[in-house]
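Engineer: This is the content of data_0.cif (mmCIF, C-alpha atoms):
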```cif
data_start
#
loop_
_atom_site.group_PDB
_atom_site.id
_atom_site.type_symbol
_atom_site.label_atom_id
_atom_site.label_comp_id
_atom_site.auth_asym_id
_atom_site.auth_seq_id
_atom_site.Cartn_x
_atom_site.Cartn_y
_atom_site.Cartn_z
ATOM 1 C CA MET A 1 11.475 -8.119 11.807
ATOM 2 C CA SER A 2 11.250 -11.900 11.973
ATOM 3 C CA GLU A 3 13.493 -13.939 9.693
ATOM 4 C CA PHE A 4 10.456 -15.602 8.085
ATOM 5 C CA PHE A 5 8.906 -12.226 7.268
ATOM 6 C CA LYS A 6 12.185 -10.971 5.736
ATOM 7 C CA ARG A 7 12.448 -14.063 3.525
ATOM 8 C CA PHE A 8 8.791 -13.748 2.534
ATOM 9 C CA LEU A 9 9.152 -10.095 1.506
ATOM 10 C CA GLN A 10 12.338 -10.861 -0.430
ATOM 11 C CA SER A 11 10.439 -13.519 -2.367
ATOM 12 C CA LEU A 12 8.139 -10.786 -3.700
ATOM 13 C CA ARG A 13 10.860 -8.880 -5.536
ATOM 14 C CA PRO A 14 10.314 -8.485 -9.293
ATOM 15 C CA ALA A 15 13.165 -10.898 -10.110
ATOM 16 C CA ALA A 16 11.069 -13.750 -8.704
ATOM 17 C CA GLN A 17 9.394 -16.058 -11.199
ATOM 18 C CA GLY A 18 5.787 -15.462 -12.238
ATOM 19 C CA SER A 19 4.064 -13.604 -15.024
ATOM 20 C CA TRP A 20 2.560 -10.203 -14.322
ATOM 21 C CA HIS A 21 -0.819 -9.350 -15.858
ATOM 22 C CA PRO A 22 -2.579 -5.969 -16.046
ATOM 23 C CA THR A 23 -5.327 -5.536 -13.469
ATOM 24 C CA GLN A 24 -8.594 -4.940 -15.288
ATOM 25 C CA PRO A 25 -11.530 -4.526 -12.893
ATOM 26 C CA SER A 26 -14.956 -5.081 -14.411
ATOM 27 C CA ALA A 27 -17.582 -2.332 -14.553
ATOM 28 C CA ALA A 28 -19.477 -4.133 -11.769
ATOM 29 C CA GLU A 29 -16.346 -4.175 -9.562
ATOM 30 C CA GLN A 30 -15.806 -0.470 -10.199
ATOM 31 C CA ARG A 31 -19.426 0.315 -9.285
ATOM 32 C CA ALA A 32 -19.185 -1.794 -6.118
ATOM 33 C CA LEU A 33 -16.015 0.061 -5.062
ATOM 34 C CA ALA A 34 -17.647 3.442 -5.760
ATOM 35 C CA GLN A 35 -20.659 2.457 -3.617
ATOM 36 C CA TRP A 36 -18.340 1.216 -0.849
ATOM 37 C CA VAL A 37 -16.496 4.557 -0.847
ATOM 38 C CA ALA A 38 -19.717 6.607 -1.049
ATOM 39 C CA ALA A 39 -21.038 4.742 2.003
ATOM 40 C CA GLY A 40 -17.861 5.664 3.930
ATOM 41 C CA THR A 41 -17.183 2.001 4.775
ATOM 42 C CA TYR A 42 -13.415 2.666 4.713
ATOM 43 C CA ARG A 43 -13.796 4.682 7.941
ATOM 44 C CA ASN A 44 -14.092 1.400 9.826
ATOM 45 C CA TRP A 45 -10.362 0.849 9.205
ATOM 46 C CA THR A 46 -8.612 4.152 8.417
ATOM 47 C CA GLY A 47 -8.645 5.334 12.039
ATOM 48 C CA PRO A 48 -7.702 1.981 13.607
ATOM 49 C CA TYR A 49 -4.864 1.414 11.098
ATOM 50 C CA PHE A 50 -3.601 4.964 11.693
ATOM 51 C CA LYS A 51 -3.644 4.342 15.456
ATOM 52 C CA ALA A 52 -1.817 1.013 15.032
ATOM 53 C CA TYR A 53 0.761 2.750 12.802
ATOM 54 C CA HIS A 54 1.522 5.239 15.584
ATOM 55 C CA TYR A 55 1.765 2.486 18.174
ATOM 56 C CA GLY A 56 4.391 0.919 15.896
ATOM 57 C CA LYS A 57 6.274 4.211 15.644
ATOM 58 C CA ALA A 58 6.345 4.345 19.447
ATOM 59 C CA GLY A 59 7.791 0.823 19.481
ATOM 60 C CA ILE A 60 4.850 -0.788 21.225
ATOM 61 C CA SER A 61 2.203 -3.248 20.100
ATOM 62 C CA ALA A 62 -1.356 -2.026 19.860
ATOM 63 C CA PRO A 63 -3.252 -3.410 22.875
ATOM 64 C CA GLU A 64 -6.026 -4.707 20.590
ATOM 65 C CA GLY A 65 -7.367 -4.293 17.113
ATOM 66 C CA LEU A 66 -5.564 -4.042 13.801
ATOM 67 C CA ARG A 67 -1.842 -4.691 13.382
ATOM 68 C CA VAL A 68 0.695 -2.604 11.460
ATOM 69 C CA GLN A 69 4.416 -3.266 11.065
ATOM 70 C CA LEU A 70 6.819 -0.516 9.997
ATOM 71 C CA LEU A 71 9.206 -1.009 7.065
ATOM 72 C CA HIS A 72 12.620 0.598 6.543
ATOM 73 C CA ASP A 73 14.679 -0.645 3.607
ATOM 74 C CA CYS A 74 17.318 1.087 1.451
ATOM 75 C CA GLY A 75 15.838 4.582 1.674
ATOM 76 C CA ARG A 76 12.266 3.337 1.471
ATOM 77 C CA GLN A 77 9.893 3.743 4.351
ATOM 78 C CA GLY A 78 6.537 2.086 4.677
ATOM 79 C CA ALA A 79 4.099 -0.017 6.597
ATOM 80 C CA VAL A 80 2.439 -3.407 6.397
ATOM 81 C CA PHE A 81 -1.286 -3.464 7.197
ATOM 82 C CA PHE A 82 -2.131 -6.989 8.312
ATOM 83 C CA TYR A 83 -5.471 -8.507 7.429
ATOM 84 C CA ASP A 84 -7.903 -9.160 10.252
ATOM 85 C CA PRO A 85 -10.861 -11.543 9.773
ATOM 86 C CA SER A 86 -13.194 -8.852 11.170
ATOM 87 C CA ILE A 87 -12.575 -6.853 7.950
ATOM 88 C CA GLY A 88 -13.588 -9.505 5.432
ATOM 89 C CA PRO A 89 -11.793 -10.277 2.139
ATOM 90 C CA ARG A 90 -13.984 -8.020 -0.049
ATOM 91 C CA ASN A 91 -13.549 -5.028 2.262
ATOM 92 C CA PHE A 92 -9.789 -5.606 2.431
ATOM 93 C CA ARG A 93 -9.547 -5.588 -1.382
ATOM 94 C CA PHE A 94 -11.635 -2.414 -1.527
ATOM 95 C CA PHE A 95 -9.433 -0.870 1.169
ATOM 96 C CA PHE A 96 -6.370 -1.614 -1.004
ATOM 97 C CA ASP A 97 -7.948 0.213 -3.955
ATOM 98 C CA PHE A 98 -9.146 3.014 -1.661
ATOM 99 C CA LEU A 99 -5.505 3.612 -0.606
ATOM 100 C CA ARG A 100 -4.534 3.823 -4.294
ATOM 101 C CA ASP A 101 -7.245 6.392 -4.949
ATOM 102 C CA GLN A 102 -6.174 8.495 -1.967
ATOM 103 C CA VAL A 103 -2.623 8.615 -3.354
ATOM 104 C CA LEU A 104 -3.953 9.551 -6.810
ATOM 105 C CA ALA A 105 -5.764 12.488 -5.174
ATOM 106 C CA GLN A 106 -2.372 13.806 -3.972
ATOM 107 C CA GLY A 107 -1.199 14.553 -7.531
ATOM 108 C CA TYR A 108 -0.128 11.082 -8.687
ATOM 109 C CA ASN A 109 -0.482 8.974 -11.826
ATOM 110 C CA LEU A 110 -1.092 5.237 -11.755
ATOM 111 C CA ALA A 111 1.977 4.034 -13.652
ATOM 112 C CA ALA A 112 1.119 0.328 -13.367
ATOM 113 C CA SER A 113 -1.520 -1.913 -11.851
ATOM 114 C CA ASP A 114 -0.673 -5.595 -12.163
ATOM 115 C CA TRP A 115 -1.131 -8.976 -10.535
ATOM 116 C CA ARG A 116 0.556 -12.364 -10.577
ATOM 117 C CA THR A 117 0.125 -15.771 -8.999
ATOM 118 C CA ARG A 118 2.978 -18.079 -8.060
ATOM 119 C CA LYS A 119 2.703 -21.607 -6.725
ATOM 120 C CA ASN A 120 5.313 -23.318 -4.622
ATOM 121 C CA GLU A 121 5.343 -26.495 -2.576
ATOM 122 C CA HIS A 122 3.733 -24.825 0.447
ATOM 123 C CA CYS A 123 1.200 -22.346 -0.914
ATOM 124 C CA THR A 124 -0.162 -20.272 -3.767
ATOM 125 C CA GLU A 125 0.745 -16.595 -3.525
ATOM 126 C CA THR A 126 -1.119 -13.885 -5.440
ATOM 127 C CA VAL A 127 0.194 -10.308 -5.473
ATOM 128 C CA TYR A 128 -1.773 -7.288 -6.660
ATOM 129 C CA LYS A 129 0.429 -4.222 -7.190
ATOM 130 C CA HIS A 130 -0.242 -0.526 -7.771
ATOM 131 C CA PHE A 131 2.795 1.603 -8.676
ATOM 132 C CA LEU A 132 2.225 5.369 -8.538
ATOM 133 C CA LYS A 133 4.417 8.262 -9.662
ATOM 134 C CA PRO A 134 4.011 11.975 -8.955
ATOM 135 C CA LYS A 135 2.687 13.995 -11.880
ATOM 136 C CA PRO A 136 5.529 16.014 -13.404
ATOM 137 C CA GLN A 137 5.121 19.537 -12.124
ATOM 138 C CA ASP A 138 7.629 22.210 -11.191
ATOM 139 C CA CYS A 139 7.617 23.718 -7.742
ATOM 140 C CA PRO A 140 7.118 27.490 -8.245
ATOM 141 C CA LYS A 141 9.484 28.460 -5.408
ATOM 142 C CA SER A 142 12.527 26.462 -6.492
ATOM 143 C CA GLY A 143 11.843 25.457 -10.088
ATOM 144 C CA ASN A 144 12.647 21.859 -9.099
ATOM 145 C CA CYS A 145 10.370 18.979 -9.994
ATOM 146 C CA ASN A 146 7.891 18.436 -7.157
ATOM 147 C CA GLN A 147 8.275 14.830 -6.063
ATOM 148 C CA ARG A 148 5.659 15.029 -3.306
ATOM 149 C CA PHE A 149 6.303 11.717 -1.474
ATOM 150 C CA GLY A 150 8.431 10.080 -4.209
ATOM 151 C CA THR A 151 7.171 6.944 -5.918
ATOM 152 C CA ILE A 152 4.603 4.892 -4.031
ATOM 153 C CA THR A 153 3.979 1.161 -4.194
ATOM 154 C CA LEU A 154 0.984 -0.706 -2.808
ATOM 155 C CA ASP A 155 0.952 -4.515 -2.709
ATOM 156 C CA LEU A 156 -1.954 -6.726 -1.672
ATOM 157 C CA ILE A 157 -0.740 -10.226 -0.812
ATOM 158 C CA LEU A 158 -3.048 -13.259 -0.828
ATOM 159 C CA MET A 159 -1.926 -16.672 0.405
ATOM 160 C CA ASN A 160 -3.967 -19.611 -0.902
ATOM 161 C CA GLY A 161 -6.630 -17.099 -1.927
ATOM 162 C CA ASN A 162 -6.862 -15.584 1.567
ATOM 163 C CA PRO A 163 -5.848 -11.975 2.308
ATOM 164 C CA GLY A 164 -2.548 -11.658 4.171
ATOM 165 C CA PHE A 165 -1.524 -8.018 4.199
ATOM 166 C CA ILE A 166 -1.176 -4.753 2.309
ATOM 167 C CA ARG A 167 2.332 -3.397 1.953
ATOM 168 C CA PHE A 168 2.451 0.392 1.444
ATOM 169 C CA PHE A 169 5.738 2.247 0.994
ATOM 170 C CA HIS A 170 7.287 5.296 -0.605
ATOM 171 C CA ASN A 171 10.646 5.609 -2.303
ATOM 172 C CA PRO A 172 11.803 9.250 -2.543
ATOM 173 C CA TYR A 173 13.998 10.468 -5.375
ATOM 174 C CA GLN A 174 17.454 11.467 -4.157
ATOM 175 C CA ASP A 175 18.502 13.703 -7.060
ATOM 176 C CA ALA A 176 18.869 17.487 -6.566
ATOM 177 C CA ILE A 177 16.478 18.224 -9.443
ATOM 178 C CA PHE A 178 13.602 17.152 -7.167
ATOM 179 C CA THR A 179 12.121 18.991 -4.204
ATOM 180 C CA PRO A 180 12.734 17.383 -0.794
ATOM 181 C CA PRO A 181 10.164 14.623 -0.243
ATOM 182 C CA HIS A 182 7.346 14.806 2.235
ATOM 183 C CA SER A 183 7.660 12.177 4.956
ATOM 184 C CA PHE A 184 5.881 8.855 5.133
ATOM 185 C CA ASP A 185 4.237 10.095 8.343
ATOM 186 C CA GLU A 186 2.662 12.934 6.333
ATOM 187 C CA LEU A 187 1.500 10.426 3.725
ATOM 188 C CA MET A 188 -0.157 8.293 6.415
ATOM 189 C CA GLU A 189 -1.857 11.363 7.826
ATOM 190 C CA VAL A 190 -3.233 12.414 4.415
ATOM 191 C CA VAL A 191 -4.358 8.915 3.441
ATOM 192 C CA LEU A 192 -5.587 7.540 6.771
ATOM 193 C CA GLN A 193 -6.098 10.220 9.415
ATOM 194 C CA LYS A 194 -7.943 12.697 7.175
ATOM 195 C CA ASN A 195 -10.308 9.890 6.151
ATOM 196 C CA ALA A 196 -10.950 8.542 9.651
#
```
Would you put the structure from the file into structure tokens?

Structural biologist:
Amino acid sequence: MSEFFKRFLQSLRPAAQGSWHPTQPSAAEQRALAQWVAAGTYRNWTGPYFKAYHYGKAGISAPEGLRVQLLHDCGRQGAVFFYDPSIGPRNFRFFFDFLRDQVLAQGYNLAASDWRTRKNEHCTETVYKHFLKPKPQDCPKSGNCNQRFGTITLDLILMNGNPGFIRFFHNPYQDAIFTPPHSFDELMEVVLQKNA
């Protein structure tokens, strides 16, 4: 990972300055997203992003198309889905919310949905964040709490109002009271491949 990218991601940690505000989409925005999903527009990107993810796992760059970079950090695993102008800003925002909804369908609660804007000398950065937790439910075989994929965080990053990327990662619980987590690969398959 490039040094610039590492510094940029570190700047997004919660300790950074900036006030977080609850995300409150309007009724019109919710209807537009529902129409976008009903039309299956997301299929234009689920397959290509899934393919790019697997190119990244193989350690090679996708020959063309969308770009994905893998993340590994302190037990967390994830991926960065880079914006491509062929997608368009509105579609990219809808894709971000589509990913959230696909995680919710896996037995998750939306614990928080917030945004913040920070200005510095070089740019204005806006971050939209969805934080999802598995619904508390015991696993019938073991009696342990079923953690599914652990907690999941989705970030949409805008630079000067322009889409930059979506960061998508899971953070499994390590305590013995939880079932072993499903892998991030399985999460990508459920969210992207099954919707391609």

Engineer: My list of candidates is A:Leu99, A:Ala58, A:Val68, A:Ala176. Which is closest to Asn144 in chain A when distances are computed with all atoms listed in the file?

Structural biologist: A:Ala176

Engineer: Quick one: residues within 7 Å of Gly164 in chain A, all atoms listed in the file, excluding same-chain residues fewer than 2 positions away - as an mmCIF file with C-alpha atoms, keeping the file's coordinate frame?

Structural biologist:
```cif
data_model
loop_
_atom_site.group_PDB
_atom_site.id
_atom_site.type_symbol
_atom_site.label_atom_id
_atom_site.label_comp_id
_atom_site.auth_asym_id
_atom_site.auth_seq_id
_atom_site.Cartn_x
_atom_site.Cartn_y
_atom_site.Cartn_z
ATOM 1 C CA PHE A 82 -2.131 -6.989 8.312
ATOM 2 C CA TYR A 83 -5.471 -8.507 7.429
ATOM 3 C CA ILE A 157 -0.740 -10.226 -0.812
ATOM 4 C CA LEU A 158 -3.048 -13.259 -0.828
ATOM 5 C CA MET A 159 -1.926 -16.672 0.405
ATOM 6 C CA ASN A 162 -6.862 -15.584 1.567
#
```

Engineer: Please define a box with edges along x, y and z of the file around all atoms of range 119-133 of chain A given in the file, extend it by 4 Å on each side, and return its centre and edge lengths in Å to one decimal, as AutoDock Vina command-line options.

Structural biologist:
```
--center_x 1.8 --center_y -9.1 --center_z -4.6 --size_x 15.1 --size_y 42.8 --size_z 18.1
```

Engineer: Show which residues sit within 10 Å of Leu33 in chain A, as a PyMOL selection string. Count all atoms listed in the file, and ignore same-chain residues fewer than 5 positions away.

Structural biologist: chain A and resi 27-28+38-39+90-91+93-95+97-98

Engineer: I would like the residues chosen by the PyMOL selection byres ((chain A and resi 178) around 7) on the shown file; could you give them as a list in words?

Structural biologist: Asn144, Cys145, Asn146, Gln147, Tyr173, Asp175, Ala176, Ile177, Thr179 and Pro180 of chain A

Engineer: So, with only C-alpha atoms as the atoms that count, which of A:Leu70, A:Ala32, A:Leu156, A:Leu132 lies closest to Gln102 in chain A?

Structural biologist: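 Using only C-alpha atoms, the shortest distance to Gln102 in chain A belongs to A:Leu132.
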
Engineer: Got a sec: who's within 10 Å of Phe131 in chain A, counting all atoms listed in the file, leaving out chain neighbours fewer than 5 positions off, as a PyMOL selection string?

Structural biologist: chain A and resi 100+108-114+151-155+170

Engineer: Leaving out Phe169 in chain A and any residue of its chain fewer than 3 positions from it, which residues lie within 12 Å of it when counting all atoms listed in the file, given as an mmCIF file with C-alpha atoms, in the frame of the given file?

Structural biologist:
```
data_model
loop_
_atom_site.group_PDB
_atom_site.id
_atom_site.type_symbol
_atom_site.label_atom_id
_atom_site.label_comp_id
_atom_site.auth_asym_id
_atom_site.auth_seq_id
_atom_site.Cartn_x
_atom_site.Cartn_y
_atom_site.Cartn_z
ATOM 1 C CA GLN A 69 4.416 -3.266 11.065
ATOM 2 C CA LEU A 70 6.819 -0.516 9.997
ATOM 3 C CA LEU A 71 9.206 -1.009 7.065
ATOM 4 C CA HIS A 72 12.620 0.598 6.543
ATOM 5 C CA ASP A 73 14.679 -0.645 3.607
ATOM 6 C CA CYS A 74 17.318 1.087 1.451
ATOM 7 C CA GLY A 75 15.838 4.582 1.674
ATOM 8 C CA ARG A 76 12.266 3.337 1.471
ATOM 9 C CA GLN A 77 9.893 3.743 4.351
ATOM 10 C CA GLY A 78 6.537 2.086 4.677
ATOM 11 C CA ALA A 79 4.099 -0.017 6.597
ATOM 12 C CA VAL A 80 2.439 -3.407 6.397
ATOM 13 C CA PHE A 81 -1.286 -3.464 7.197
ATOM 14 C CA LEU A 99 -5.505 3.612 -0.606
ATOM 15 C CA ARG A 100 -4.534 3.823 -4.294
ATOM 16 C CA VAL A 103 -2.623 8.615 -3.354
ATOM 17 C CA LYS A 129 0.429 -4.222 -7.190
ATOM 18 C CA HIS A 130 -0.242 -0.526 -7.771
ATOM 19 C CA PHE A 131 2.795 1.603 -8.676
ATOM 20 C CA LEU A 132 2.225 5.369 -8.538
ATOM 21 C CA PHE A 149 6.303 11.717 -1.474
ATOM 22 C CA GLY A 150 8.431 10.080 -4.209
ATOM 23 C CA THR A 151 7.171 6.944 -5.918
ATOM 24 C CA ILE A 152 4.603 4.892 -4.031
ATOM 25 C CA THR A 153 3.979 1.161 -4.194
ATOM 26 C CA LEU A 154 0.984 -0.706 -2.808
ATOM 27 C CA ASP A 155 0.952 -4.515 -2.709
ATOM 28 C CA ILE A 166 -1.176 -4.753 2.309
ATOM 29 C CA PRO A 172 11.803 9.250 -2.543
ATOM 30 C CA SER A 183 7.660 12.177 4.956
ATOM 31 C CA PHE A 184 5.881 8.855 5.133
ATOM 32 C CA ASP A 185 4.237 10.095 8.343
ATOM 33 C CA LEU A 187 1.500 10.426 3.725
ATOM 34 C CA MET A 188 -0.157 8.293 6.415
#
```

Engineer: As an exercise, work out the distance from CA of Gly56 in chain A to CA of Gln106 in chain A in Å and give it to one decimal place.

Structural biologist: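 We find that CA of Gly56 in chain A and CA of Gln106 in chain A lie 24.6 Å from each other.
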
Engineer: Report, in Å with one decimal, the straight-line distance from CA of Lys133 in chain A to CA of Asn171 in chain A.

Structural biologist: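 Between CA of Lys133 in chain A and CA of Asn171 in chain A the gap works out to 10.0 Å.
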
Engineer: How many Å lie between CA of Gly161 in chain A and CA of Pro22 in chain A, rounded to one decimal?

Structural biologist: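 We find that CA of Gly161 in chain A and CA of Pro22 in chain A lie 18.4 Å from each other.
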
Engineer: Measuring between all atoms listed in the file, which one of A:Gly59, A:Pro140, A:Val191, A:Ser26 shows the shortest distance to Phe168 in chain A?

Structural biologist: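 Of all the options, A:Val191 lies closest to Phe168 in chain A.
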
Engineer: Could you tell me which residues the PyMOL selection byres ((chain A and resi 44) around 12) returns for this structure, as a ChimeraX atom specification?

Structural biologist: /A:36-37,39-43,45-50,65-66,86-88,91-92,95,192-193,195-196

Engineer: Pick out the residues sitting within 10 Å of Lys119 in chain A, and hand them over as number ranges by chain; count only C-alpha atoms, and ignore anything fewer than 4 positions along from it in its own chain.

Structural biologist: A: 17-18, 123-126, 159-160

Engineer: So that I have them on file, write out the residues from the current selection with C-alpha atoms, as a compact mmCIF listing (two decimals), in the frame of the given file.

Structural biologist:
```txt
# COMPACT_ATOMS: atom_id res chain seq x y z
CA GLN A 17 9.39 -16.06 -11.20
CA GLY A 18 5.79 -15.46 -12.24
CA CYS A 123 1.20 -22.35 -0.91
CA THR A 124 -0.16 -20.27 -3.77
CA GLU A 125 0.74 -16.60 -3.52
CA THR A 126 -1.12 -13.88 -5.44
CA MET A 159 -1.93 -16.67 0.40
CA ASN A 160 -3.97 -19.61 -0.90
```

Engineer: Which residue out of A:Arg148, A:Lys51, A:Arg67, A:Lys57 has the minimum interatomic distance to Gly107 in chain A when all atoms listed in the file are used?

Structural biologist: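 Counting all atoms listed in the file, the residue closest to Gly107 in chain A is A:Arg148.
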
Engineer: Counting all atoms listed in the file, figure out which residue out of A:Tyr128, A:Thr117, A:Pro181, A:Gln137 gets nearest to Pro25 in chain A.

Structural biologist: A:Tyr128
